[in-house]
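File shown: structure_21.csv. Contents: CSV, N, CA and C atoms.
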```
chain,number,residue,atom,x,y,z
A,1,ALA,N,32.9,5.7,19.7
A,1,ALA,CA,32.2,4.5,19.9
A,1,ALA,C,30.9,4.5,19.3
A,2,LEU,N,30.2,5.7,19.3
A,2,LEU,CA,28.9,5.8,18.7
A,2,LEU,C,29.0,5.6,17.2
A,3,ARG,N,29.9,6.2,16.5
A,3,ARG,CA,30.0,6.1,15.1
A,3,ARG,C,30.5,4.6,14.6
A,4,ARG,N,31.3,4.0,15.4
A,4,ARG,CA,31.9,2.7,14.9
A,4,ARG,C,31.1,1.5,15.5
A,5,ILE,N,30.4,1.6,16.5
A,5,ILE,CA,29.7,0.5,17.2
A,5,ILE,C,28.2,0.6,17.2
A,6,VAL,N,27.7,1.7,17.7
A,6,VAL,CA,26.3,1.8,17.9
A,6,VAL,C,25.5,2.0,16.6
A,7,LEU,N,25.9,3.0,15.9
A,7,LEU,CA,25.2,3.4,14.6
A,7,LEU,C,25.2,2.2,13.6
A,8,PRO,N,26.2,1.5,13.4
A,8,PRO,CA,26.1,0.4,12.4
A,8,PRO,C,25.1,-0.7,12.9
A,9,GLN,N,25.1,-1.0,14.2
A,9,GLN,CA,24.2,-2.0,14.7
A,9,GLN,C,22.7,-1.5,14.6
A,10,ALA,N,22.5,-0.2,14.9
A,10,ALA,CA,21.2,0.4,14.9
A,10,ALA,C,20.7,0.5,13.4
A,11,LEU,N,21.6,0.8,12.5
A,11,LEU,CA,21.2,0.9,11.1
A,11,LEU,C,20.8,-0.5,10.6
A,12,ARG,N,21.5,-1.5,11.0
A,12,ARG,CA,21.2,-2.9,10.5
A,12,ARG,C,19.8,-3.3,11.0
A,13,VAL,N,19.4,-2.9,12.2
A,13,VAL,CA,18.1,-3.3,12.7
A,13,VAL,C,17.0,-2.4,12.1
A,14,ALA,N,17.3,-1.1,11.9
A,14,ALA,CA,16.3,-0.1,11.5
A,14,ALA,C,16.1,-0.1,10.0
A,15,ALA,N,17.0,-0.5,9.2
A,15,ALA,CA,16.9,-0.4,7.7
A,15,ALA,C,15.7,-1.1,7.1
A,16,PRO,N,15.4,-2.3,7.5
A,16,PRO,CA,14.2,-3.0,6.9
A,16,PRO,C,12.9,-2.2,7.2
A,17,ALA,N,12.7,-1.8,8.4
A,17,ALA,CA,11.5,-1.1,8.8
A,17,ALA,C,11.4,0.3,8.1
A,18,LEU,N,12.5,1.0,8.1
A,18,LEU,CA,12.5,2.3,7.5
A,18,LEU,C,12.3,2.2,6.0
A,19,GLY,N,13.0,1.3,5.4
A,19,GLY,CA,12.8,1.1,3.9
A,19,GLY,C,11.4,0.7,3.5
A,20,GLY,N,10.8,-0.2,4.3
A,20,GLY,CA,9.4,-0.6,4.0
A,20,GLY,C,8.5,0.6,4.2
A,21,ARG,N,8.7,1.4,5.2
A,21,ARG,CA,7.9,2.5,5.5
A,21,ARG,C,8.0,3.6,4.4
A,22,PHE,N,9.2,3.8,3.9
A,22,PHE,CA,9.5,4.7,2.8
A,22,PHE,C,8.8,4.3,1.5
A,23,ILE,N,8.9,3.0,1.2
A,23,ILE,CA,8.2,2.5,0.0
A,23,ILE,C,6.7,2.5,0.1
A,24,SER,N,6.2,2.2,1.3
A,24,SER,CA,4.8,2.3,1.5
A,24,SER,C,4.3,3.8,1.4
A,25,LEU,N,5.1,4.7,1.9
A,25,LEU,CA,4.7,6.1,1.7
A,25,LEU,C,4.7,6.5,0.3
A,26,MET,N,5.6,6.0,-0.5
A,26,MET,CA,5.7,6.3,-1.9
A,26,MET,C,4.4,5.8,-2.6
A,27,LYS,N,4.0,4.6,-2.3
A,27,LYS,CA,2.8,4.0,-2.9
A,27,LYS,C,1.6,4.7,-2.5
A,28,ASP,N,1.5,5.2,-1.2
A,28,ASP,CA,0.3,5.9,-0.8
A,28,ASP,C,0.2,7.3,-1.3
A,29,THR,N,1.2,7.9,-1.9
A,29,THR,CA,1.1,9.2,-2.5
A,29,THR,C,0.0,9.3,-3.6
A,30,SER,N,-0.3,8.2,-4.2
A,30,SER,CA,-1.3,8.3,-5.2
A,30,SER,C,-2.7,8.6,-4.6
A,31,LEU,N,-2.8,8.3,-3.3
A,31,LEU,CA,-4.1,8.7,-2.6
A,31,LEU,C,-4.2,10.2,-2.3
A,32,ALA,N,-3.0,10.9,-2.4
A,32,ALA,CA,-3.1,12.4,-2.2
A,32,ALA,C,-3.9,13.1,-3.2
A,33,SER,N,-4.1,12.5,-4.4
A,33,SER,CA,-4.9,13.2,-5.4
A,33,SER,C,-6.3,13.4,-5.0
A,34,VAL,N,-6.8,12.6,-4.0
A,34,VAL,CA,-8.1,12.8,-3.5
A,34,VAL,C,-8.3,14.1,-2.8
A,35,ILE,N,-7.2,14.6,-2.1
A,35,ILE,CA,-7.3,15.9,-1.4
A,35,ILE,C,-6.7,17.0,-2.3
A,36,THR,N,-6.7,16.8,-3.6
A,36,THR,CA,-6.3,17.8,-4.6
A,36,THR,C,-4.8,18.3,-4.4
A,37,VAL,N,-4.0,17.4,-4.0
A,37,VAL,CA,-2.5,17.7,-4.0
A,37,VAL,C,-2.0,17.4,-5.4
A,38,VAL,N,-1.3,18.3,-6.0
A,38,VAL,CA,-0.9,18.1,-7.3
A,38,VAL,C,0.3,17.1,-7.3
A,39,GLU,N,0.1,16.0,-7.8
A,39,GLU,CA,1.2,15.0,-7.9
A,39,GLU,C,0.9,14.2,-9.2
A,40,LEU,N,1.5,13.0,-9.3
A,40,LEU,CA,1.5,12.3,-10.6
A,40,LEU,C,0.1,11.9,-11.0
A,41,THR,N,-0.7,11.4,-10.1
A,41,THR,CA,-2.0,11.0,-10.5
A,41,THR,C,-2.8,12.2,-11.0
A,42,ARG,N,-2.7,13.3,-10.3
A,42,ARG,CA,-3.5,14.5,-10.7
A,42,ARG,C,-3.0,15.1,-12.0
A,43,VAL,N,-1.7,15.0,-12.2
A,43,VAL,CA,-1.1,15.5,-13.5
A,43,VAL,C,-1.6,14.6,-14.7
A,44,ALA,N,-1.7,13.3,-14.4
A,44,ALA,CA,-2.2,12.4,-15.5
A,44,ALA,C,-3.7,12.7,-15.7
A,45,GLU,N,-4.4,13.0,-14.7
A,45,GLU,CA,-5.9,13.3,-14.9
A,45,GLU,C,-6.0,14.6,-15.7
A,46,THR,N,-5.2,15.6,-15.5
A,46,THR,CA,-5.2,16.8,-16.2
A,46,THR,C,-4.8,16.6,-17.7
A,47,ALA,N,-3.8,15.8,-17.9
A,47,ALA,CA,-3.3,15.5,-19.2
A,47,ALA,C,-4.4,14.7,-20.0
A,48,GLY,N,-5.0,13.8,-19.3
A,48,GLY,CA,-6.0,13.0,-20.0
A,48,GLY,C,-7.3,13.8,-20.3
A,49,SER,N,-7.6,14.8,-19.5
A,49,SER,CA,-8.8,15.6,-19.7
A,49,SER,C,-8.6,16.5,-20.9
A,50,SER,N,-7.4,17.0,-21.1
A,50,SER,CA,-7.1,17.9,-22.2
A,50,SER,C,-7.1,17.3,-23.5
A,51,SER,N,-6.7,16.0,-23.6
A,51,SER,CA,-6.6,15.3,-24.9
A,51,SER,C,-7.6,14.1,-25.0
A,52,PHE,N,-8.4,13.9,-23.9
A,52,PHE,CA,-9.4,12.8,-23.9
A,52,PHE,C,-8.7,11.4,-24.1
A,53,ARG,N,-7.5,11.3,-23.6
A,53,ARG,CA,-6.7,10.1,-23.7
A,53,ARG,C,-6.4,9.6,-22.3
A,54,TYR,N,-7.4,9.3,-21.5
A,54,TYR,CA,-7.2,8.9,-20.1
A,54,TYR,C,-6.4,7.6,-20.0
A,55,VAL,N,-6.7,6.7,-20.8
A,55,VAL,CA,-6.0,5.4,-20.6
A,55,VAL,C,-4.5,5.5,-20.8
A,56,GLU,N,-4.1,6.2,-21.8
A,56,GLU,CA,-2.6,6.4,-22.0
A,56,GLU,C,-2.0,7.2,-20.9
A,57,ALA,N,-2.7,8.3,-20.4
A,57,ALA,CA,-2.1,9.1,-19.4
A,57,ALA,C,-2.0,8.3,-18.1
A,58,PHE,N,-3.0,7.5,-17.7
A,58,PHE,CA,-2.9,6.8,-16.4
A,58,PHE,C,-2.0,5.6,-16.6
A,59,THR,N,-1.8,5.0,-17.8
A,59,THR,CA,-0.9,4.0,-18.0
A,59,THR,C,0.6,4.5,-17.8
A,60,VAL,N,0.8,5.7,-18.3
A,60,VAL,CA,2.2,6.2,-18.1
A,60,VAL,C,2.4,6.6,-16.6
A,61,ALA,N,1.4,7.1,-16.0
A,61,ALA,CA,1.5,7.4,-14.5
A,61,ALA,C,1.7,6.1,-13.7
A,62,GLY,N,1.0,5.0,-14.1
A,62,GLY,CA,1.2,3.7,-13.4
A,62,GLY,C,2.6,3.2,-13.7
A,63,ALA,N,3.1,3.4,-14.9
A,63,ALA,CA,4.5,2.9,-15.2
A,63,ALA,C,5.5,3.7,-14.4
A,64,VAL,N,5.3,5.0,-14.3
A,64,VAL,CA,6.2,5.8,-13.5
A,64,VAL,C,6.2,5.4,-12.0
A,65,TYR,N,5.0,5.2,-11.4
A,65,TYR,CA,5.0,4.7,-10.1
A,65,TYR,C,5.7,3.3,-9.9
A,66,TRP,N,5.4,2.4,-10.9
A,66,TRP,CA,6.1,1.1,-10.8
A,66,TRP,C,7.6,1.2,-10.9
A,67,LEU,N,8.1,2.1,-11.8
A,67,LEU,CA,9.5,2.3,-11.9
A,67,LEU,C,10.1,2.8,-10.6
A,68,ILE,N,9.5,3.8,-10.1
A,68,ILE,CA,10.0,4.4,-8.8
A,68,ILE,C,10.0,3.4,-7.7
A,69,ASN,N,9.0,2.7,-7.6
A,69,ASN,CA,8.9,1.7,-6.5
A,69,ASN,C,9.9,0.5,-6.7
A,70,SER,N,10.1,0.1,-8.0
A,70,SER,CA,11.1,-0.9,-8.3
A,70,SER,C,12.5,-0.5,-7.9
A,71,VAL,N,12.8,0.8,-8.2
A,71,VAL,CA,14.1,1.3,-7.9
A,71,VAL,C,14.3,1.4,-6.4
A,72,LEU,N,13.3,1.8,-5.7
A,72,LEU,CA,13.4,1.9,-4.2
A,72,LEU,C,13.5,0.5,-3.6
A,73,SER,N,12.7,-0.4,-4.1
A,73,SER,CA,12.8,-1.8,-3.5
A,73,SER,C,14.2,-2.4,-3.8
A,74,ALA,N,14.7,-2.2,-5.0
A,74,ALA,CA,16.0,-2.8,-5.3
A,74,ALA,C,17.1,-2.1,-4.4
A,75,GLY,N,17.0,-0.8,-4.2
A,75,GLY,CA,17.9,-0.1,-3.3
A,75,GLY,C,17.8,-0.6,-1.9
A,76,GLN,N,16.6,-0.9,-1.4
A,76,GLN,CA,16.5,-1.4,0.0
A,76,GLN,C,17.0,-2.8,0.1
A,77,GLU,N,16.8,-3.6,-0.9
A,77,GLU,CA,17.3,-5.0,-0.9
A,77,GLU,C,18.9,-5.0,-0.9
A,78,ALA,N,19.4,-4.1,-1.7
A,78,ALA,CA,20.9,-4.0,-1.7
A,78,ALA,C,21.5,-3.5,-0.4
A,79,LEU,N,20.8,-2.5,0.2
A,79,LEU,CA,21.3,-2.0,1.5
A,79,LEU,C,21.2,-3.1,2.6
A,80,GLU,N,20.1,-3.9,2.6
A,80,GLU,CA,19.9,-4.9,3.6
A,80,GLU,C,20.9,-6.0,3.3
A,81,ARG,N,21.2,-6.4,2.1
A,81,ARG,CA,22.2,-7.4,1.8
A,81,ARG,C,23.6,-6.9,2.3
A,82,ARG,N,23.9,-5.7,2.0
A,82,ARG,CA,25.2,-5.2,2.4
A,82,ARG,C,25.4,-5.1,3.9
A,83,LEU,N,24.3,-4.7,4.6
A,83,LEU,CA,24.4,-4.6,6.0
A,83,LEU,C,24.4,-6.0,6.7
A,84,GLY,N,23.7,-6.9,6.1
A,84,GLY,CA,23.7,-8.3,6.6
A,84,GLY,C,25.0,-9.0,6.4
A,85,ARG,N,25.7,-8.7,5.2
A,85,ARG,CA,27.0,-9.3,4.9
A,85,ARG,C,28.1,-8.7,5.8
A,86,ALA,N,28.0,-7.4,6.1
A,86,ALA,CA,29.0,-6.7,6.8
A,86,ALA,C,29.0,-7.1,8.3
A,87,TYR,N,27.8,-7.4,8.8
A,87,TYR,CA,27.8,-7.6,10.3
A,87,TYR,C,27.3,-9.0,10.6
A,88,ALA,N,27.2,-10.0,9.7
A,88,ALA,CA,26.8,-11.3,10.0
A,88,ALA,C,27.9,-12.2,10.5
```
Using structure tokens, write down the structure that the file contains.
Amino acid sequence: ALRRIVLPQALRVAAPALGGRFISLMKDTSLASVITVVELTRVAETAGSSSFRYVEAFTVAGAVYWLINSVLSAGQEALERRLGRAYA
């Protein structure tokens, strides 16, 4: 009963909130560079400082963030559409 009834209904209700939280978490990781966590923004800063090409390095980092967030958003929309169609 749990697998066939409760979990599908719970997933349909929880998917939008969890997806939004996950995408928000991905967007907020750029703030982690403030506390010297090595991640994409920090790597772009290091690459820019070695070649003095900051604009190109941060443009590429921004494009990567945009691409990742676009893929996550599209995945969340597809999941919500599928769950809405299956249980509507």
Any chance you could list, as JSON, numbers by chain, the residues in chain A that come up alpha helix (DSSP H) when DSSP is run on the backbone?
{"A": [7, 8, 9, 10, 11, 12, 13, 14, 15, 16, 17, 18, 19, 20, 21, 22, 23, 24, 25, 26, 27, 28, 40, 41, 42, 43, 44, 45, 46, 47, 48, 49, 50, 51, 54, 55, 56, 57, 58, 59, 60, 61, 62, 63, 64, 65, 66, 67, 68, 69, 70, 71, 72, 73, 74, 75, 76, 77, 78, 79, 80, 81, 82, 83, 84, 85, 86, 87]}
Atom pair atom C of Ile23 (chain A) / CA of Val6 (chain A): separation (Å):
26.5 Å
Length of the atom C of Val60 (chain A) to CA of Gly48 (chain A) vector [Å]:
11.1 Å
Considering only C-alpha atoms, can you say which of A:Leu72, A:Val43, A:Ala14, A:Arg82 comes closest to Phe58 (chain A)?
A:Val43
With distances taken over only C-alpha atoms, the candidate from A:Ile68, A:Arg85, A:Leu7, A:Ser73 nearest Arg21 (chain A) is A:Ser73
Have a look at A:Gly75, A:Pro8, A:Asn69, A:Leu83 and name the one nearest to Lys27 (chain A); count all atoms listed in the file.
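Counting all atoms listed in the file, the residue closest to Lys27 (chain A) is A:Asn69.
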